[in-house]
Amino acid sequence: MDFKMPGKVYSAAMSPIATTHMLIATGSADVQVRLCDIASGAFTHTLSGHLDGIMSLEWSTSSEWILMSGGCDGAIRFWDIRRAGCFLVLDQLRSQLGRRPPIIDSTTDNQHQKNLGRSSSSKSYSVQQRTGNHKKQSKALRKSLTMVRGHTQQKVHPGMSSSQNHKTAHYGAVTGLRTTTDGMHLLSSGSDSRLRLWDIDSGCNTLVNFEAMRLQTSKPLQLAVTDDPSLVFIPCMSSIKAYNTWSGTTFQTFRGHYDHVNCCYYNSQDQELYTGSNDRQILVWSPSTPALTEMEDDDKRQEGFAADEDNWSD
């Protein structure tokens, strides 16, 4: 199949868990995300919201309808492809320290104990009062999400409201996106040579301080992450760096390419890392196995079994 795109294509992504659709999300120099349907061979619809080209795309690993996009405008947007407009724009200034915020607040437990000691009349009154407050809040929310232009009213999605529309995740283009296998966190790289870890549930920057790195600024990068997810692999010019996902410290640096590295892919079954570079080579990195290394050393010490050693190597 051949899909004609309006500009230079930066990225294409398919959902790894989709069972009800066969869509390819594409990002190009155009400001819109286009969804290509393999079944029909045509574009299903477009997603508008970015102010510049779209360099990176990533599908959610927990929902087949959720798509994340990173643009040259520095924004990371979350889309539900069943609805119009994005529902979340990540803000690098909105942060939390740690992986997850506390789920249960102690004040809620104290309030619950106080409510248990009330009489039935006070309970009914409090229910009516809460219902009234809830109606007032819902009316105020609907009013805040409605823009008045002349005599017409246009409803605006929360992710597209004027206060959230210009939030940025990086000071520069978002060059790479990668979700963890459990679907709880998102890793993003930018042309500002920053790697950030996001909590998808809260939409907050977890403030993990990844050690200094130098990234390409004009091309999209393909990141890789282990299933744990304890390590994240990111192309850094002609080398690849592995960082600890939770502490941000450098675990190891892989050198072997002679030009800029563009992509990484981690094979969890064989525990191998594949990297592609502008030197037209794909390198395979595998962890060292101490057991096999000791066997090879023992064989080398036994000169009488040279033929058997050759057969083992083969």
# chains A, B, ... in the order shown; residues from 1 in each chain; ligands from 1
>>> residues_around(residues="Cys236 (chain A)", least_positions_apart="6", cutoff="9 Å", atoms="only C-alpha atoms", output="PyMOL selection string")
chain A and resi 213-216+260-262
>>> residues_around(residues="Cys36 (chain A)", least_positions_apart="4", cutoff="7 Å", atoms="only C-alpha atoms", output="ChimeraX atom specification")
/A:23-25,42-44
>>> residues_around(residues="Arg77 (chain A)", least_positions_apart="5", cutoff="10 Å", atoms="only C-alpha atoms", output="ChimeraX atom specification")
/A:49-50,57,67-71,85-91,159-160,165,167-169
>>> closest_residue(among="A:Met237, A:Leu93, A:Val208, A:Leu221", to="Thr175 (chain A)", atoms="only C-alpha atoms")
A:Leu221
>>> residues_around(residues="Asp227 (chain A)", least_positions_apart="6", cutoff="12 Å", atoms="only C-alpha atoms", output="ChimeraX atom specification")
/A:179-183,245,266-269,271
>>> write_last_selection(atoms="N, CA and C atoms", output="compact mmCIF listing (two decimals), in the first residue's frame")
# COMPACT_ATOMS: atom_id res chain seq x y z
N THR A 179 7.26 4.22 25.96
CA THR A 179 6.53 3.86 27.17
C THR A 179 7.13 2.59 27.78
N THR A 180 6.98 2.46 29.07
CA THR A 180 7.41 1.24 29.73
C THR A 180 6.41 0.12 29.44
N THR A 181 6.83 -1.11 29.64
CA THR A 181 5.98 -2.25 29.30
C THR A 181 4.70 -2.28 30.12
N ASP A 182 4.77 -1.84 31.38
CA ASP A 182 3.58 -1.84 32.22
C ASP A 182 2.64 -0.68 31.92
N GLY A 183 3.04 0.24 31.04
CA GLY A 183 2.18 1.35 30.67
C GLY A 183 2.04 2.43 31.72
N THR A 245 16.78 3.77 34.98
CA THR A 245 15.53 4.51 34.77
C THR A 245 15.13 5.31 35.99
N TYR A 266 15.38 -3.24 21.85
CA TYR A 266 15.76 -4.26 22.84
C TYR A 266 14.90 -5.50 22.66
N ASN A 267 15.58 -6.63 22.46
CA ASN A 267 14.92 -7.93 22.32
C ASN A 267 14.89 -8.59 23.69
N SER A 268 13.72 -8.58 24.32
CA SER A 268 13.61 -9.11 25.68
C SER A 268 13.77 -10.63 25.74
N GLN A 269 13.44 -11.32 24.66
CA GLN A 269 13.53 -12.78 24.67
C GLN A 269 14.98 -13.24 24.71
N GLN A 271 17.51 -11.03 25.22
CA GLN A 271 18.26 -10.03 25.98
C GLN A 271 19.38 -9.43 25.14
>>> closest_residue(among="A:Asp270, A:Asp192, A:Asp228, A:Glu211", to="Ser247 (chain A)", atoms="only C-alpha atoms")
A:Glu211
>>> residues_around(residues="Thr250 (chain A)", least_positions_apart="6", cutoff="10 Å", atoms="only C-alpha atoms", output="tab-separated table (two decimals) with C-alpha atoms, in the first residue's frame")
chain	number	residue	atom	x	y	z
A	210	PHE	CA	19.59	11.84	34.04
A	211	GLU	CA	23.33	12.43	33.72
A	212	ALA	CA	24.72	14.63	30.95
A	213	MET	CA	24.17	13.48	27.39
A	231	LEU	CA	17.38	0.40	31.99
A	232	VAL	CA	16.72	2.81	29.14
A	241	LYS	CA	24.15	5.10	26.65
A	242	ALA	CA	22.26	2.91	29.10
A	243	TYR	CA	20.76	4.79	32.05
A	244	ASN	CA	19.18	3.57	35.23
>>> atom_distance(atom1="CA of Ser230 (chain A)", atom2="CA of Gln281 (chain A)")
26.9 Å
>>> closest_residue(among="A:Gln92, A:His185, A:Pro220, A:Arg83", to="Gly27 (chain A)", atoms="only C-alpha atoms")
A:Pro220
>>> residues_around(residues="Ser202 (chain A)", least_positions_apart="3", cutoff="10 Å", atoms="only C-alpha atoms", output="PyMOL selection string")
chain A and resi 90+94-96+99-101+184-185+198-199+205-206
>>> write_last_selection(atoms="C-alpha atoms", output="tab-separated table (two decimals), in the first residue's frame")
chain	number	residue	atom	x	y	z
A	90	LEU	CA	2.39	17.36	29.43
A	94	ARG	CA	4.25	20.20	36.69
A	95	SER	CA	6.25	17.70	38.68
A	96	GLN	CA	6.19	15.14	41.44
A	99	ARG	CA	7.14	7.30	40.93
A	100	ARG	CA	3.58	7.75	42.22
A	101	PRO	CA	1.75	10.30	44.36
A	184	MET	CA	2.77	3.41	33.81
A	185	HIS	CA	5.64	5.66	32.68
A	198	TRP	CA	6.82	11.01	33.11
A	199	ASP	CA	4.13	9.44	35.24
A	205	ASN	CA	7.47	15.04	35.47
A	206	THR	CA	9.10	12.69	37.99
>>> closest_residue(among="A:Ala75, A:Ala84, A:Leu35, A:Leu177", to="Met14 (chain A)", atoms="only C-alpha atoms")
A:Leu35
>>> atom_distance(atom1="CA of Val33 (chain A)", atom2="CA of Ser48 (chain A)")
6.7 Å
